[in-house]
Amino acid sequence: METETITIKDNHVNGISFPSDRIMLDLKDLKKVYPTPKGDYVVLEHLNLQILKEEFVTIIGHSGCGKTTMLSMIAGLNPISGGDIAVLGNPIQGPGPDRGVIFQAPSLMPWMTALQNVLLGVNRVFPHASKAQRKDIAKYYLHKVGLDGAFDKKANELSQGMQQRVGIARAFAIKPKVLLLDEPFGMLDSLTRGELQDILIEIWNKEKITAVMITHDVDEAIFLADRVVMMTSGPRAKIGDVLPIKFERPRTRKSVLEHEDYYKYRKHLIDFLEH
Ligand SMILES: Nc1ncnc2c1ncn2[C@@H]1O[C@H](COP(=O)(O)OP(=O)(O)O)[C@@H](O)[C@H]1O
Ligand SMILES: [Mg+2]
């Protein structure tokens, strides 16, 4: 998909605003304050970000700057202190099935099978579907993440990589408009990480949903994204810069690594993080 070249300075999109019918997620003047024993801690302030329909955005920023705080607010799991967050123009009120979340640790029910774990969400979101239909949905996404043959394995019998596959299947199976991912592959070895990146992109592309993913891996951020969003360091963190990644899709690691712009993108992100 095409994305406009924009840079963000002083919280304002440089005179460019996206047409409202293209915007999936709109963060307006977002603020987050945590009360602490030493007084209020302002984590995020004047944070403005628009994310488009069907866009894949990755978020990078130093540890502790407020990435998880921002994502959990979008998920509706963390109260907003100021500003607002809208999905398709409607301000969010708590969590909802329009937004799916994948955390670093998949937080499955350990005594339940892979299939039962995925069904938990499906049953909640599609209560009027037949039991067979719900099972078909759950099985379809478990198949997509490469878990054929592991449907009836208990979650606590699965490797970390397999558990995260279940987490991905569970999130896609509720058919969200927006998928929110908080360093989902951070604990995995690089081979598994690469496999799951490919699976994620394949399903994201097929389902035409919007994805917002936090990562601390600059290469992962570039490989997956239409735009990489850089957050400033806290306190009072906001969007510092946005880098559109113009590689064609589908992408392969090889084609990305061999592209003449790759090191330019990489340098841009590393320069941002080092200043
Ligand atoms: N519930 C909380 N209460 C108080 N401070 C918090 C809470 N959650 C996070 N923080 C603080 O807010 C800052 C941002 O945290 P977080 O969003 O987890 O950052 P990141 O995900 O970028 O590493 C950190 O300084 C963290 O200690
Ligand atoms: Mg975090």
# chains A, B, ... in the order shown; residues from 1 in each chain; ligands from 1

$ closest_atom_pairs --of "chain A" --to "ligand 1" --cutoff "8 Å" --atoms "only C-alpha atoms and all ligand atoms" --output "tab-separated table"
residue	atom	partner	partner_atom_place_in_ligand_line	distance
A:Tyr34	CA	ligand 1	4 (C)	4.8
A:Pro35	CA	ligand 1	4 (C)	6.3
A:Thr36	CA	ligand 1	4 (C)	6.0
A:Tyr41	CA	ligand 1	5 (N)	7.1
A:Val43	CA	ligand 1	12 (O)	5.6
A:Gly61	CA	ligand 1	22 (O)	6.5
A:His62	CA	ligand 1	22 (O)	6.1
A:Ser63	CA	ligand 1	23 (O)	3.8
A:Gly64	CA	ligand 1	23 (O)	3.4
A:Cys65	CA	ligand 1	22 (O)	4.0
A:Gly66	CA	ligand 1	17 (O)	3.2
A:Lys67	CA	ligand 1	22 (O)	3.7
A:Thr68	CA	ligand 1	21 (O)	3.6
A:Thr69	CA	ligand 1	17 (O)	3.6
A:Met70	CA	ligand 1	17 (O)	6.5
A:Gly234	CA	ligand 1	13 (C)	7.3
A:Pro235	CA	ligand 1	25 (O)	7.6

$ write_last_selection --atoms "N, CA and C atoms" --output "PDB file, in the first residue's frame"
ATOM      1  N   TYR A  34       0.667   8.384  35.864  1.00  0.00           N
ATOM      2  CA  TYR A  34       0.593   7.368  36.918  1.00  0.00           C
ATOM      3  C   TYR A  34       0.834   8.061  38.253  1.00  0.00           C
ATOM      4  N   PRO A  35      -0.076   7.890  39.204  1.00  0.00           N
ATOM      5  CA  PRO A  35       0.212   8.422  40.538  1.00  0.00           C
ATOM      6  C   PRO A  35       1.291   7.569  41.198  1.00  0.00           C
ATOM      7  N   THR A  36       2.258   8.183  41.821  1.00  0.00           N
ATOM      8  CA  THR A  36       3.296   7.429  42.533  1.00  0.00           C
ATOM      9  C   THR A  36       3.432   8.035  43.925  1.00  0.00           C
ATOM     10  N   TYR A  41       3.445  10.929  37.952  1.00  0.00           N
ATOM     11  CA  TYR A  41       4.456  10.701  36.926  1.00  0.00           C
ATOM     12  C   TYR A  41       3.773  10.772  35.564  1.00  0.00           C
ATOM     13  N   VAL A  43       3.793  10.006  32.066  1.00  0.00           N
ATOM     14  CA  VAL A  43       4.503   9.113  31.141  1.00  0.00           C
ATOM     15  C   VAL A  43       4.390   9.638  29.713  1.00  0.00           C
ATOM     16  N   GLY A  61      11.242   2.612  20.691  1.00  0.00           N
ATOM     17  CA  GLY A  61      11.541   3.648  21.675  1.00  0.00           C
ATOM     18  C   GLY A  61      12.266   2.995  22.835  1.00  0.00           C
ATOM     19  N   HIS A  62      12.955   3.803  23.621  1.00  0.00           N
ATOM     20  CA  HIS A  62      13.739   3.234  24.710  1.00  0.00           C
ATOM     21  C   HIS A  62      12.861   2.550  25.749  1.00  0.00           C
ATOM     22  N   SER A  63      13.459   1.575  26.414  1.00  0.00           N
ATOM     23  CA  SER A  63      12.768   0.868  27.479  1.00  0.00           C
ATOM     24  C   SER A  63      12.274   1.878  28.520  1.00  0.00           C
ATOM     25  N   GLY A  64      11.031   1.729  28.927  1.00  0.00           N
ATOM     26  CA  GLY A  64      10.477   2.609  29.956  1.00  0.00           C
ATOM     27  C   GLY A  64       9.886   3.907  29.435  1.00  0.00           C
ATOM     28  N   CYS A  65       9.885   4.115  28.100  1.00  0.00           N
ATOM     29  CA  CYS A  65       9.378   5.400  27.582  1.00  0.00           C
ATOM     30  C   CYS A  65       7.855   5.453  27.589  1.00  0.00           C
ATOM     31  N   GLY A  66       7.213   4.302  27.608  1.00  0.00           N
ATOM     32  CA  GLY A  66       5.748   4.330  27.671  1.00  0.00           C
ATOM     33  C   GLY A  66       5.058   3.603  26.529  1.00  0.00           C
ATOM     34  N   LYS A  67       5.784   2.710  25.854  1.00  0.00           N
ATOM     35  CA  LYS A  67       5.205   1.985  24.719  1.00  0.00           C
ATOM     36  C   LYS A  67       4.059   1.075  25.169  1.00  0.00           C
ATOM     37  N   THR A  68       4.349   0.273  26.202  1.00  0.00           N
ATOM     38  CA  THR A  68       3.318  -0.639  26.704  1.00  0.00           C
ATOM     39  C   THR A  68       2.126   0.148  27.250  1.00  0.00           C
ATOM     40  N   THR A  69       2.436   1.267  27.906  1.00  0.00           N
ATOM     41  CA  THR A  69       1.361   2.127  28.415  1.00  0.00           C
ATOM     42  C   THR A  69       0.458   2.569  27.266  1.00  0.00           C
ATOM     43  N   MET A  70       1.058   3.026  26.178  1.00  0.00           N
ATOM     44  CA  MET A  70       0.268   3.483  25.032  1.00  0.00           C
ATOM     45  C   MET A  70      -0.564   2.336  24.461  1.00  0.00           C
ATOM     46  N   GLY A 234      10.851   9.104  27.906  1.00  0.00           N
ATOM     47  CA  GLY A 234      10.018   9.742  28.920  1.00  0.00           C
ATOM     48  C   GLY A 234      10.846  10.524  29.909  1.00  0.00           C
ATOM     49  N   PRO A 235      10.268  11.237  30.852  1.00  0.00           N
ATOM     50  CA  PRO A 235       8.820  11.411  30.978  1.00  0.00           C
ATOM     51  C   PRO A 235       8.263  12.318  29.880  1.00  0.00           C
TER      52      PRO A 235
END

$ residues_around --residues "region 208-212 of chain A" --least-positions-apart "2" --cutoff "9 Å" --atoms "only C-alpha atoms" --output "list in words"
Met24, Leu25, Ile51, Leu52, Lys53, Glu54, Glu55, Phe56, Val57, Thr58, Ile59, Leu71, Lys175, Pro176, Lys177, Val178, Leu179, Leu180, Leu181, Asp182, Ile203, Trp204, Asn205, Lys206 and Ile214 of chain A

$ residues_around --residues "Leu196 (chain A)" --least-positions-apart "2" --cutoff "9 Å" --atoms "only C-alpha atoms" --output "list of chain:residue names"
A:Val145, A:Gly161, A:Gln164, A:Arg165, A:Ile168, A:Phe185, A:Leu191, A:Thr192, A:Arg193, A:Gly194, A:Asp198, A:Ile199, A:Leu200, A:Ile201

$ residues_around --residues "region 120-126 of chain A" --least-positions-apart "5" --cutoff "12 Å" --atoms "only C-alpha atoms" --output "PyMOL selection string"
chain A and resi 96-101+108-109+112-115+131-141+166-176

$ closest_residue --among "A:Pro110, A:Pro91, A:Pro244, A:Pro19" --to "Arg266 (chain A)" --atoms "only C-alpha atoms"
A:Pro244

$ decode --residues "region 46-93 of chain A" --atoms "N, CA and C atoms" --output "short mmCIF file (atom, residue, chain, number, x, y, z; two decimals), in the first residue's frame"
data_model
loop_
_atom_site.label_atom_id
_atom_site.label_comp_id
_atom_site.auth_asym_id
_atom_site.auth_seq_id
_atom_site.Cartn_x
_atom_site.Cartn_y
_atom_site.Cartn_z
N HIS A 46 0.75 14.95 25.07
CA HIS A 46 0.65 15.49 23.70
C HIS A 46 1.06 14.45 22.66
N LEU A 47 0.59 13.25 22.87
CA LEU A 47 0.93 12.19 21.92
C LEU A 47 -0.16 12.13 20.84
N ASN A 48 0.24 12.38 19.60
CA ASN A 48 -0.69 12.36 18.47
C ASN A 48 -0.22 11.36 17.44
N LEU A 49 -1.14 10.49 17.02
CA LEU A 49 -0.77 9.49 16.02
C LEU A 49 -2.01 9.00 15.30
N GLN A 50 -1.91 8.96 13.98
CA GLN A 50 -3.00 8.40 13.19
C GLN A 50 -2.48 7.18 12.46
N ILE A 51 -3.25 6.11 12.55
CA ILE A 51 -2.86 4.86 11.90
C ILE A 51 -3.96 4.49 10.91
N LEU A 52 -3.54 4.12 9.70
CA LEU A 52 -4.49 3.92 8.61
C LEU A 52 -5.06 2.50 8.58
N LYS A 53 -6.19 2.38 7.92
CA LYS A 53 -6.77 1.06 7.70
C LYS A 53 -5.77 0.19 6.95
N GLU A 54 -5.67 -1.04 7.35
CA GLU A 54 -4.81 -2.04 6.70
C GLU A 54 -3.32 -1.74 6.80
N GLU A 55 -2.97 -0.80 7.66
CA GLU A 55 -1.57 -0.44 7.80
C GLU A 55 -0.89 -1.34 8.85
N PHE A 56 0.41 -1.57 8.65
CA PHE A 56 1.22 -2.24 9.67
C PHE A 56 2.21 -1.21 10.20
N VAL A 57 2.03 -0.85 11.47
CA VAL A 57 2.90 0.15 12.08
C VAL A 57 3.71 -0.52 13.18
N THR A 58 5.01 -0.28 13.19
CA THR A 58 5.81 -0.76 14.32
C THR A 58 6.24 0.44 15.15
N ILE A 59 6.38 0.20 16.46
CA ILE A 59 6.71 1.27 17.40
C ILE A 59 8.05 0.93 18.06
N ILE A 60 8.98 1.87 18.00
CA ILE A 60 10.22 1.67 18.74
C ILE A 60 10.46 2.85 19.67
N GLY A 61 11.24 2.61 20.69
CA GLY A 61 11.54 3.65 21.68
C GLY A 61 12.27 3.00 22.83
N HIS A 62 12.95 3.80 23.62
CA HIS A 62 13.74 3.23 24.71
C HIS A 62 12.86 2.55 25.75
N SER A 63 13.46 1.58 26.41
CA SER A 63 12.77 0.87 27.48
C SER A 63 12.27 1.88 28.52
N GLY A 64 11.03 1.73 28.93
CA GLY A 64 10.48 2.61 29.96
C GLY A 64 9.89 3.91 29.44
N CYS A 65 9.88 4.11 28.10
CA CYS A 65 9.38 5.40 27.58
C CYS A 65 7.86 5.45 27.59
N GLY A 66 7.21 4.30 27.61
CA GLY A 66 5.75 4.33 27.67
C GLY A 66 5.06 3.60 26.53
N LYS A 67 5.78 2.71 25.85
CA LYS A 67 5.20 1.99 24.72
C LYS A 67 4.06 1.08 25.17
N THR A 68 4.35 0.27 26.20
CA THR A 68 3.32 -0.64 26.70
C THR A 68 2.13 0.15 27.25
N THR A 69 2.44 1.27 27.91
CA THR A 69 1.36 2.13 28.42
C THR A 69 0.46 2.57 27.27
N MET A 70 1.06 3.03 26.18
CA MET A 70 0.27 3.48 25.03
C MET A 70 -0.56 2.34 24.46
N LEU A 71 0.06 1.17 24.27
CA LEU A 71 -0.65 0.04 23.66
C LEU A 71 -1.79 -0.45 24.55
N SER A 72 -1.54 -0.49 25.86
CA SER A 72 -2.60 -0.96 26.76
C SER A 72 -3.74 0.05 26.84
N MET A 73 -3.44 1.32 26.60
CA MET A 73 -4.52 2.32 26.52
C MET A 73 -5.34 2.11 25.26
N ILE A 74 -4.66 1.82 24.13
CA ILE A 74 -5.40 1.56 22.89
C ILE A 74 -6.28 0.31 23.07
N ALA A 75 -5.73 -0.68 23.79
CA ALA A 75 -6.50 -1.91 24.04
C ALA A 75 -7.69 -1.66 24.96
N GLY A 76 -7.68 -0.52 25.65
CA GLY A 76 -8.77 -0.22 26.58
C GLY A 76 -8.55 -0.85 27.95
N LEU A 77 -7.32 -1.32 28.19
CA LEU A 77 -7.02 -2.01 29.45
C LEU A 77 -6.41 -1.07 30.48
N ASN A 78 -6.14 0.18 30.08
CA ASN A 78 -5.44 1.12 30.94
C ASN A 78 -6.12 2.49 30.76
N PRO A 79 -6.66 3.07 31.84
CA PRO A 79 -7.43 4.31 31.67
C PRO A 79 -6.61 5.45 31.07
N ILE A 80 -7.28 6.28 30.27
CA ILE A 80 -6.67 7.45 29.63
C ILE A 80 -6.74 8.62 30.60
N SER A 81 -5.62 9.37 30.73
CA SER A 81 -5.64 10.53 31.64
C SER A 81 -6.05 11.81 30.92
N GLY A 82 -5.84 11.86 29.61
CA GLY A 82 -6.22 13.05 28.85
C GLY A 82 -6.19 12.75 27.37
N GLY A 83 -6.91 13.54 26.57
CA GLY A 83 -7.00 13.30 25.14
C GLY A 83 -7.94 12.15 24.86
N ASP A 84 -7.91 11.62 23.63
CA ASP A 84 -8.73 10.44 23.39
C ASP A 84 -8.20 9.53 22.29
N ILE A 85 -8.77 8.35 22.25
CA ILE A 85 -8.41 7.32 21.27
C ILE A 85 -9.69 6.92 20.57
N ALA A 86 -9.67 6.99 19.24
CA ALA A 86 -10.86 6.59 18.50
C ALA A 86 -10.52 5.48 17.51
N VAL A 87 -11.45 4.53 17.38
CA VAL A 87 -11.37 3.50 16.35
C VAL A 87 -12.48 3.81 15.35
N LEU A 88 -12.10 4.02 14.09
CA LEU A 88 -13.06 4.41 13.04
C LEU A 88 -13.93 5.57 13.50
N GLY A 89 -13.30 6.52 14.17
CA GLY A 89 -14.00 7.74 14.57
C GLY A 89 -14.76 7.65 15.88
N ASN A 90 -14.88 6.45 16.44
CA ASN A 90 -15.62 6.29 17.70
C ASN A 90 -14.67 6.17 18.87
N PRO A 91 -14.78 7.08 19.86
CA PRO A 91 -13.90 6.99 21.01
C PRO A 91 -14.06 5.64 21.72
N ILE A 92 -12.96 5.04 22.11
CA ILE A 92 -13.04 3.72 22.76
C ILE A 92 -13.53 3.88 24.19
N GLN A 93 -14.25 2.87 24.62
CA GLN A 93 -14.68 2.81 26.02
C GLN A 93 -14.33 1.42 26.53
#
